[in-house]
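Participant: Dropping in my_file27.txt, with compact mmCIF, C-alpha atoms.
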```
# COMPACT_ATOMS: atom_id res chain seq x y z
CA MET U 6 198.13 321.08 170.23
CA LYS U 7 195.98 317.96 170.03
CA LYS U 8 194.22 316.39 167.07
CA THR U 9 190.91 314.52 167.11
CA ILE U 10 189.29 312.79 164.16
CA TYR U 11 185.55 312.17 164.22
CA LEU U 12 184.12 309.57 161.85
CA LEU U 13 180.52 309.78 160.71
CA ARG U 14 178.56 307.52 158.37
CA GLY U 15 175.81 308.43 155.95
CA SER U 16 172.59 306.45 155.78
CA LYS U 17 171.45 304.41 152.78
CA THR U 18 168.51 306.76 152.24
CA GLU U 19 170.63 309.92 152.47
CA THR U 20 171.82 311.31 149.14
CA TYR U 21 175.47 312.19 148.70
CA ALA U 22 174.49 315.84 148.31
CA ASP U 23 172.51 315.84 151.56
CA PHE U 24 175.29 314.00 153.38
CA LYS U 25 177.86 316.52 152.20
CA LYS U 26 175.64 319.45 153.21
CA ARG U 27 175.07 317.97 156.66
CA ILE U 28 178.74 317.28 157.33
CA LEU U 29 180.02 320.64 156.09
CA HIS U 30 177.39 322.43 158.17
CA LEU U 31 178.48 320.47 161.25
CA ALA U 32 182.18 321.17 160.64
CA THR U 33 181.47 324.87 160.10
CA SER U 34 179.68 325.02 163.45
CA PHE U 35 182.73 323.47 165.15
CA ALA U 36 184.99 326.06 163.54
CA THR U 37 183.29 328.85 165.51
CA ASP U 38 184.79 327.52 168.75
CA PRO U 39 187.99 329.48 169.50
CA LYS U 40 189.60 326.33 170.93
CA ALA U 41 189.25 324.63 167.55
CA HIS U 42 192.31 326.03 165.79
CA LYS U 43 192.00 324.04 162.56
CA VAL U 44 189.00 322.17 161.11
CA ARG U 45 189.17 319.97 158.04
CA VAL U 46 186.77 317.53 156.39
CA VAL U 47 187.36 314.52 154.16
CA LEU U 48 184.18 312.92 152.82
CA THR U 49 182.71 310.81 150.05
CA GLU U 50 180.84 312.90 147.49
CA LYS U 51 179.81 310.21 145.01
CA GLU U 52 179.93 306.48 144.42
CA PRO U 53 183.34 305.12 143.44
CA PRO U 54 183.86 303.74 139.94
CA MET U 55 182.46 300.28 139.27
CA LEU U 56 185.83 298.98 138.08
CA SER U 57 188.98 299.84 139.99
CA VAL U 58 192.15 298.11 141.14
CA ILE U 59 191.57 299.86 144.49
CA PRO U 60 188.70 298.08 146.30
CA PHE U 61 186.78 301.21 147.24
CA LYS U 62 183.97 300.85 149.76
CA LYS U 63 180.60 302.23 148.66
CA ARG U 64 179.35 303.53 152.01
CA LYS U 65 179.14 307.26 152.70
CA ILE U 66 181.69 308.39 155.26
CA ALA U 67 183.23 311.60 156.57
CA SER U 68 186.18 312.36 158.79
CA ILE U 69 186.22 315.69 160.60
CA SER U 70 189.73 316.52 161.81
CA ILE U 71 190.10 319.15 164.51
CA GLU U 72 193.36 320.51 165.88
CA HIS U 73 192.56 321.98 169.25
CA SER U 74 193.57 322.91 172.76
CA ASN U 75 191.44 320.98 175.27
CA TRP U 76 188.41 321.04 172.97
CA LYS U 77 185.68 318.58 173.97
CA GLN U 78 182.65 317.89 171.78
CA ASP U 79 182.35 314.10 172.10
CA ILE U 80 178.94 314.06 173.79
CA ARG U 81 177.46 316.39 171.22
CA ILE U 82 178.85 314.42 168.30
CA GLU U 83 177.79 311.07 169.71
CA ASN U 84 174.16 312.16 169.36
CA ILE U 85 174.52 312.94 165.66
CA ASP U 86 173.16 310.50 163.11
CA GLY U 87 175.87 308.23 161.77
CA PHE U 88 178.39 308.79 164.57
CA ALA U 89 181.01 306.03 164.32
CA GLY U 90 183.71 307.17 166.71
CA SER U 91 186.15 309.79 167.94
CA PHE U 92 189.88 309.16 167.75
CA GLU U 93 192.78 311.00 169.32
CA VAL U 94 195.64 310.75 166.85
CA THR U 95 199.28 311.58 166.31
CA GLU U 96 199.67 313.12 162.87
CA ALA U 97 202.63 313.00 160.50
CA LEU U 98 202.99 314.52 157.03
CA PRO U 99 205.81 312.72 155.19
CA VAL U 100 204.91 314.80 152.13
CA ALA U 101 202.67 317.87 152.19
CA TYR U 102 201.14 320.28 149.70
CA THR U 103 201.30 324.04 150.06
CA LYS U 104 197.75 325.29 150.54
CA ASP U 105 197.03 328.30 148.29
CA TRP U 106 193.23 328.08 148.02
CA LYS U 107 190.56 329.61 150.24
CA ASP U 108 188.92 327.81 153.13
CA GLY U 109 185.63 326.20 152.15
CA LEU U 110 186.78 325.31 148.63
CA PRO U 111 187.58 321.71 147.74
CA THR U 112 191.22 320.74 147.81
CA PRO U 113 192.38 320.19 144.20
CA GLY U 114 192.57 316.58 143.07
CA VAL U 115 191.19 313.63 145.01
CA CYS U 116 191.83 311.83 148.27
CA LEU U 117 192.17 308.16 149.15
CA LEU U 118 190.86 307.85 152.71
CA THR U 119 191.82 304.56 154.33
CA LEU U 120 190.84 303.12 157.71
CA PHE U 121 192.61 300.05 159.05
CA ARG U 122 193.43 297.91 162.06
CA GLN U 123 196.69 296.43 163.27
CA LYS U 124 197.53 292.91 162.13
CA ARG U 125 196.59 290.61 165.00
CA SER U 126 199.71 288.46 164.89
CA ILE U 127 202.17 291.32 165.53
CA ASP U 128 202.74 293.67 168.45
CA HIS U 129 202.18 297.40 168.35
CA ASP U 130 205.85 298.33 167.97
CA THR U 131 206.15 296.06 164.94
CA PHE U 132 202.95 297.51 163.50
CA ILE U 133 204.31 301.07 163.76
CA ASP U 134 207.77 300.12 162.48
CA ARG U 135 206.45 298.37 159.38
CA TRP U 136 203.88 301.09 158.70
CA HIS U 137 206.27 304.03 159.12
CA ASN U 138 209.58 302.60 157.95
CA SER U 139 208.51 300.22 155.20
CA HIS U 140 205.04 301.06 153.89
CA THR U 141 205.31 304.85 154.00
CA PRO U 142 208.54 305.09 151.96
CA LEU U 143 207.20 302.45 149.54
CA SER U 144 204.02 304.48 148.99
CA LEU U 145 205.97 307.67 148.41
CA LYS U 146 208.26 305.88 145.97
CA LEU U 147 205.54 304.23 143.86
CA HIS U 148 202.49 306.50 144.02
CA PRO U 149 202.14 310.08 142.71
CA LEU U 150 201.19 311.47 146.11
CA TRP U 151 200.83 315.21 146.61
CA ASN U 152 200.00 314.98 150.30
CA TYR U 153 200.28 312.09 152.75
CA ASN U 154 198.47 312.58 156.06
CA ARG U 155 199.29 309.69 158.40
CA ASN U 156 197.38 309.37 161.68
CA VAL U 157 198.23 306.87 164.40
CA VAL U 158 195.30 306.34 166.78
CA VAL U 159 196.45 306.86 170.37
CA GLY U 160 193.06 307.22 172.08
CA ARG U 161 189.41 306.36 171.47
CA GLY U 162 186.16 307.86 172.69
CA PRO U 163 184.27 305.92 175.40
CA ASN U 164 181.19 305.37 173.25
CA ASN U 165 182.78 304.54 169.90
CA LEU U 166 180.90 302.18 167.64
CA GLU U 167 184.02 301.40 165.61
CA SER U 168 187.67 300.79 166.44
CA TRP U 169 190.54 301.74 164.12
CA ASP U 170 194.29 301.89 164.60
CA GLY U 171 195.22 303.96 161.55
CA ILE U 172 193.55 306.68 159.49
CA VAL U 173 195.40 307.76 156.37
CA GLU U 174 194.61 310.40 153.73
CA GLU U 175 196.59 310.16 150.49
CA HIS U 176 196.06 313.04 148.06
CA CYS U 177 196.74 313.04 144.35
CA ARG U 178 196.79 316.15 142.18
CA THR U 179 194.27 314.70 139.70
CA SER U 180 191.69 311.93 139.74
CA GLU U 181 193.63 310.20 136.97
CA ASP U 182 196.69 309.94 139.23
CA LEU U 183 194.63 307.83 141.64
CA LEU U 184 192.14 306.02 139.41
CA ASN U 185 194.35 305.15 136.47
CA PRO U 186 196.39 302.13 137.64
CA PHE U 187 199.21 302.99 135.20
CA ARG U 188 199.51 306.37 136.90
CA PHE U 189 199.08 305.12 140.48
CA PHE U 190 201.18 301.93 140.28
CA GLY U 191 203.49 302.46 137.33
CA ASP U 192 203.93 301.77 133.64
CA ALA U 193 203.21 298.48 131.85
CA LEU U 194 206.62 297.09 132.71
CA HIS U 195 206.42 297.81 136.45
CA ILE U 196 202.72 297.83 137.36
CA ILE U 197 202.37 294.16 138.33
CA PRO U 198 205.58 293.97 140.41
CA ASN U 199 204.67 297.26 142.10
CA MET U 200 201.14 296.11 142.90
CA LEU U 201 202.51 292.88 144.39
CA SER U 202 205.04 294.83 146.46
CA VAL U 203 202.29 297.06 147.87
CA TYR U 204 200.06 294.05 148.59
CA ARG U 205 202.77 292.09 150.40
CA ASP U 206 203.92 295.14 152.36
CA THR U 207 200.37 296.09 153.37
CA LYS U 208 199.59 292.58 154.60
CA SER U 209 202.72 292.63 156.77
CA PHE U 210 201.35 295.18 159.25
CA LEU U 211 197.57 295.58 158.97
CA ASP U 212 194.48 293.37 159.09
CA TYR U 213 193.91 293.18 155.35
CA GLY U 214 190.40 291.76 155.56
CA SER U 215 189.02 294.77 157.45
CA ILE U 216 190.70 297.59 155.54
CA GLU U 217 188.30 300.29 154.28
CA PRO U 218 189.46 302.53 151.39
CA TYR U 219 187.24 305.39 150.17
CA LEU U 220 187.32 307.77 147.23
CA ALA U 221 186.94 311.17 148.87
CA MET U 222 187.33 314.93 148.68
CA GLU U 223 188.85 317.30 151.21
CA TYR U 224 187.69 320.69 152.51
CA HIS U 225 189.61 323.01 154.82
CA ILE U 226 186.96 324.74 156.92
CA LYS U 227 189.32 326.65 159.19
CA SER U 228 193.05 326.78 158.53
```
Can the structure from this file be put into structure tokens for me?

Facilitator:
Amino acid sequence: MKKTIYLLRGSKTETYADFKKRILHLATSFATDPKAHKVRVVLTEKEPPMLSVIPFKKRKIASISIEHSNWKQDIRIENIDGFAGSFEVTEALPVAYTKDWKDGLPTPGVCLLTLFRQKRSIDHDTFIDRWHNSHTPLSLKLHPLWNYNRNVVVGRGPNNLESWDGIVEEHCRTSEDLLNPFRFFGDALHIIPNMLSVYRDTKSFLDYGSIEPYLAMEYHIKS
């Protein structure tokens, strides 16, 4: 089984509601293909809060994840407004929820969708080692994560407009778990040391200046 993630951007003139409708319609059409075994969407549904310790980007974005067997839709997707790129990935779920809701309904809670590139001064093996063996356990230790979907990019489409090395989806059970810094980083005694630990660890393996975090929601279209 292979996994491909397609990234699409919304326009400045497109409302969040119209963007969501367009993306879910597109993902639903992909789900009709028998070679697409699983189809899932993560997308921005509204602007992030004005004040947040997480530097959320304000652009509209969607990732459509498809688990498939030799499923090819790159040419079709490249012609869609807002196409940013297609990425073959290797997925890992260090912690995972048990899905007990129907396809098409929003996943409970909220999602932190993050796109990032490898730090330029390190090699790929070091990038993977620090990401998987340092940052992942640190995130699971400090943050109230319900689901951690880690995707290493192993291939890119020939006509991509963007290049990313990692695509991560971190799910929390409630919006407060993500947006309240005392829930996401720890109590008053530990919040500052924990935030500094995350900052230093993050800068050790990725290009911090180009990181793109988004406040998002998830939809299983076909599971």

Participant: Near Asn152 of chain U, within 7 Å and counting only C-alpha atoms, which residues show up once chain neighbours fewer than 3 positions away are dropped, as a PyMOL selection string?

Facilitator: chain U and resi 100-102+175-176

Participant: Which neighbours of Thr33 of chain U fall inside 12 Å, counting all atoms listed in the file, when residues of the same chain fewer than 5 positions from it are skipped, and could you give them as a PyMOL selection string?

Facilitator: chain U and resi 26-28+38+41+43-46+69-71+108-109+224-228

Participant: Name the closest residue to Thr95 of chain U among the candidates U:Ala32, U:Tyr213, U:Glu72, U:Phe190; distances are taken between atoms, counting all atoms listed in the file.

Facilitator: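 Of the candidates, the smallest distance to Thr95 of chain U is held by U:Glu72.
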
Participant: Smallest atom-to-atom distance to Asn164 of chain U: which of U:Ser74, U:Thr20, U:Thr119, U:Ser91, using only C-alpha atoms?

Facilitator: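 The shortest atom-to-atom distance to Asn164 of chain U comes from U:Ser91.
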
Participant: I'd like the neighbourhood of Ser168 of chain U as a list in words, where a residue qualifies if any of its atoms comes within 12 Å (using all atoms listed in the file), though same-chain residues fewer than 3 positions away should be ignored.

Facilitator: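 My list of contacting residues is Tyr11, Leu12, Ala89, Gly90, Ser91, Phe92, Glu93, Leu120, Phe121, Arg122, Gln123, Val158, Val159, Gly160, Arg161, Gly162, Pro163, Asn164, Asn165, Gly171, Ile172, Ser215 and Ile216 of chain U.
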
Participant: Pull C-alpha atoms from the residues just selected and write them as a compact mmCIF listing (two decimals), keeping the file's coordinate frame.

Facilitator:
```
# COMPACT_ATOMS: atom_id res chain seq x y z
CA TYR U 11 185.55 312.17 164.22
CA LEU U 12 184.12 309.57 161.85
CA ALA U 89 181.01 306.03 164.32
CA GLY U 90 183.71 307.17 166.71
CA SER U 91 186.15 309.79 167.94
CA PHE U 92 189.88 309.16 167.75
CA GLU U 93 192.78 311.00 169.32
CA LEU U 120 190.84 303.12 157.71
CA PHE U 121 192.61 300.05 159.05
CA ARG U 122 193.43 297.91 162.06
CA GLN U 123 196.69 296.43 163.27
CA VAL U 158 195.30 306.34 166.78
CA VAL U 159 196.45 306.86 170.37
CA GLY U 160 193.06 307.22 172.08
CA ARG U 161 189.41 306.36 171.47
CA GLY U 162 186.16 307.86 172.69
CA PRO U 163 184.27 305.92 175.40
CA ASN U 164 181.19 305.37 173.25
CA ASN U 165 182.78 304.54 169.90
CA GLY U 171 195.22 303.96 161.55
CA ILE U 172 193.55 306.68 159.49
CA SER U 215 189.02 294.77 157.45
CA ILE U 216 190.70 297.59 155.54
```

Participant: For a test of reading the model, state the distance in Å between atom CA of Thr179 of chain U and atom CA of Asp206 of chain U, rounded to one decimal.

Facilitator: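 Computing it gives 25.2 Å between the two atoms.
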
Participant: Compile the contact shell of segment 142-148 of chain U as an NGL selection string: residues with an atom at most 10 Å away, counting only C-alpha atoms, same-chain residues fewer than 5 positions apart removed.

Facilitator: :U and (99-100 or 136-137 or 153 or 175 or 177 or 182-183 or 186 or 188-191 or 195-196 or 199-200 or 202-203 or 206)

Participant: Quick one: distance from atom CA of Asn84 of chain U to atom CA of Thr18 of chain U in Å, one decimal?

Facilitator: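 Rounded to one decimal, the two atoms are 18.8 Å apart.
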
Participant: Pick out the closest residue to Leu184 of chain U from this set: U:His140, U:Cys116, U:Glu83, U:Pro111. Count only C-alpha atoms.

Facilitator: U:Cys116

Participant: Take segment 107-118 of chain U, bring it up to all heavy atoms, and give me the output as an mmCIF file, keeping the file's coordinate frame.

Facilitator:
```
data_model
loop_
_atom_site.group_PDB
_atom_site.id
_atom_site.type_symbol
_atom_site.label_atom_id
_atom_site.label_comp_id
_atom_site.auth_asym_id
_atom_site.auth_seq_id
_atom_site.Cartn_x
_atom_site.Cartn_y
_atom_site.Cartn_z
ATOM 1 N N LYS U 107 191.320 329.081 149.116
ATOM 2 C CA LYS U 107 190.560 329.610 150.240
ATOM 3 C C LYS U 107 189.874 328.490 151.021
ATOM 4 O O LYS U 107 189.502 327.461 150.465
ATOM 5 C CB LYS U 107 189.513 330.612 149.742
ATOM 6 C CG LYS U 107 190.097 331.875 149.130
ATOM 7 C CD LYS U 107 188.985 332.824 148.696
ATOM 8 C CE LYS U 107 189.556 334.110 148.111
ATOM 9 N NZ LYS U 107 188.480 335.040 147.664
ATOM 10 N N ASP U 108 189.698 328.729 152.310
ATOM 11 C CA ASP U 108 188.920 327.810 153.130
ATOM 12 C C ASP U 108 187.512 327.673 152.562
ATOM 13 O O ASP U 108 186.926 328.645 152.070
ATOM 14 C CB ASP U 108 188.833 328.314 154.573
ATOM 15 C CG ASP U 108 190.146 328.161 155.325
ATOM 16 O OD1 ASP U 108 191.069 327.543 154.780
ATOM 17 O OD2 ASP U 108 190.241 328.683 156.452
ATOM 18 N N GLY U 109 186.981 326.471 152.639
ATOM 19 C CA GLY U 109 185.630 326.200 152.150
ATOM 20 C C GLY U 109 185.605 325.643 150.737
ATOM 21 O O GLY U 109 184.603 325.044 150.333
ATOM 22 N N LEU U 110 186.698 325.852 149.990
ATOM 23 C CA LEU U 110 186.780 325.310 148.630
ATOM 24 C C LEU U 110 187.370 323.900 148.681
ATOM 25 O O LEU U 110 188.163 323.592 149.563
ATOM 26 C CB LEU U 110 187.640 326.204 147.753
ATOM 27 C CG LEU U 110 187.136 327.624 147.500
ATOM 28 C CD1 LEU U 110 188.140 328.396 146.645
ATOM 29 C CD2 LEU U 110 185.761 327.612 146.831
ATOM 30 N N PRO U 111 186.996 323.048 147.734
ATOM 31 C CA PRO U 111 187.580 321.710 147.740
ATOM 32 C C PRO U 111 189.071 321.738 147.442
ATOM 33 O O PRO U 111 189.538 322.542 146.623
ATOM 34 C CB PRO U 111 186.801 320.982 146.619
ATOM 35 C CG PRO U 111 186.308 322.078 145.718
ATOM 36 C CD PRO U 111 186.028 323.232 146.634
ATOM 37 N N THR U 112 189.807 320.895 148.120
ATOM 38 C CA THR U 112 191.220 320.740 147.810
ATOM 39 C C THR U 112 191.345 320.178 146.392
ATOM 40 O O THR U 112 190.633 319.236 146.034
ATOM 41 C CB THR U 112 191.880 319.778 148.812
ATOM 42 O OG1 THR U 112 191.784 320.355 150.120
ATOM 43 C CG2 THR U 112 193.342 319.524 148.464
ATOM 44 N N PRO U 113 192.217 320.731 145.563
ATOM 45 C CA PRO U 113 192.380 320.190 144.200
ATOM 46 C C PRO U 113 192.720 318.706 144.217
ATOM 47 O O PRO U 113 193.362 318.205 145.138
ATOM 48 C CB PRO U 113 193.538 321.023 143.636
ATOM 49 C CG PRO U 113 193.513 322.294 144.426
ATOM 50 C CD PRO U 113 193.076 321.895 145.804
ATOM 51 N N GLY U 114 192.283 318.004 143.177
ATOM 52 C CA GLY U 114 192.570 316.580 143.070
ATOM 53 C C GLY U 114 191.580 315.731 143.828
ATOM 54 O O GLY U 114 190.423 316.104 144.025
ATOM 55 N N VAL U 115 192.043 314.571 144.277
ATOM 56 C CA VAL U 115 191.190 313.630 145.010
ATOM 57 C C VAL U 115 191.979 313.049 146.178
ATOM 58 O O VAL U 115 193.207 313.164 146.254
ATOM 59 C CB VAL U 115 190.699 312.478 144.111
ATOM 60 C CG1 VAL U 115 189.721 312.977 143.068
ATOM 61 C CG2 VAL U 115 191.868 311.753 143.463
ATOM 62 N N CYS U 116 191.235 312.397 147.067
ATOM 63 C CA CYS U 116 191.830 311.830 148.270
ATOM 64 C C CYS U 116 191.445 310.362 148.398
ATOM 65 O O CYS U 116 190.295 309.981 148.179
ATOM 66 C CB CYS U 116 191.350 312.608 149.503
ATOM 67 S SG CYS U 116 191.920 311.928 151.076
ATOM 68 N N LEU U 117 192.414 309.553 148.769
ATOM 69 C CA LEU U 117 192.170 308.160 149.150
ATOM 70 C C LEU U 117 192.189 308.106 150.670
ATOM 71 O O LEU U 117 193.246 308.230 151.298
ATOM 72 C CB LEU U 117 193.250 307.247 148.557
ATOM 73 C CG LEU U 117 193.256 305.789 149.014
ATOM 74 C CD1 LEU U 117 191.937 305.102 148.676
ATOM 75 C CD2 LEU U 117 194.442 305.040 148.412
ATOM 76 N N LEU U 118 191.004 307.967 151.256
ATOM 77 C CA LEU U 118 190.860 307.850 152.710
ATOM 78 C C LEU U 118 190.844 306.368 153.064
ATOM 79 O O LEU U 118 190.032 305.613 152.526
ATOM 80 C CB LEU U 118 189.566 308.525 153.164
ATOM 81 C CG LEU U 118 189.132 308.286 154.614
ATOM 82 C CD1 LEU U 118 190.113 308.922 155.594
ATOM 83 C CD2 LEU U 118 187.715 308.814 154.845
#
```
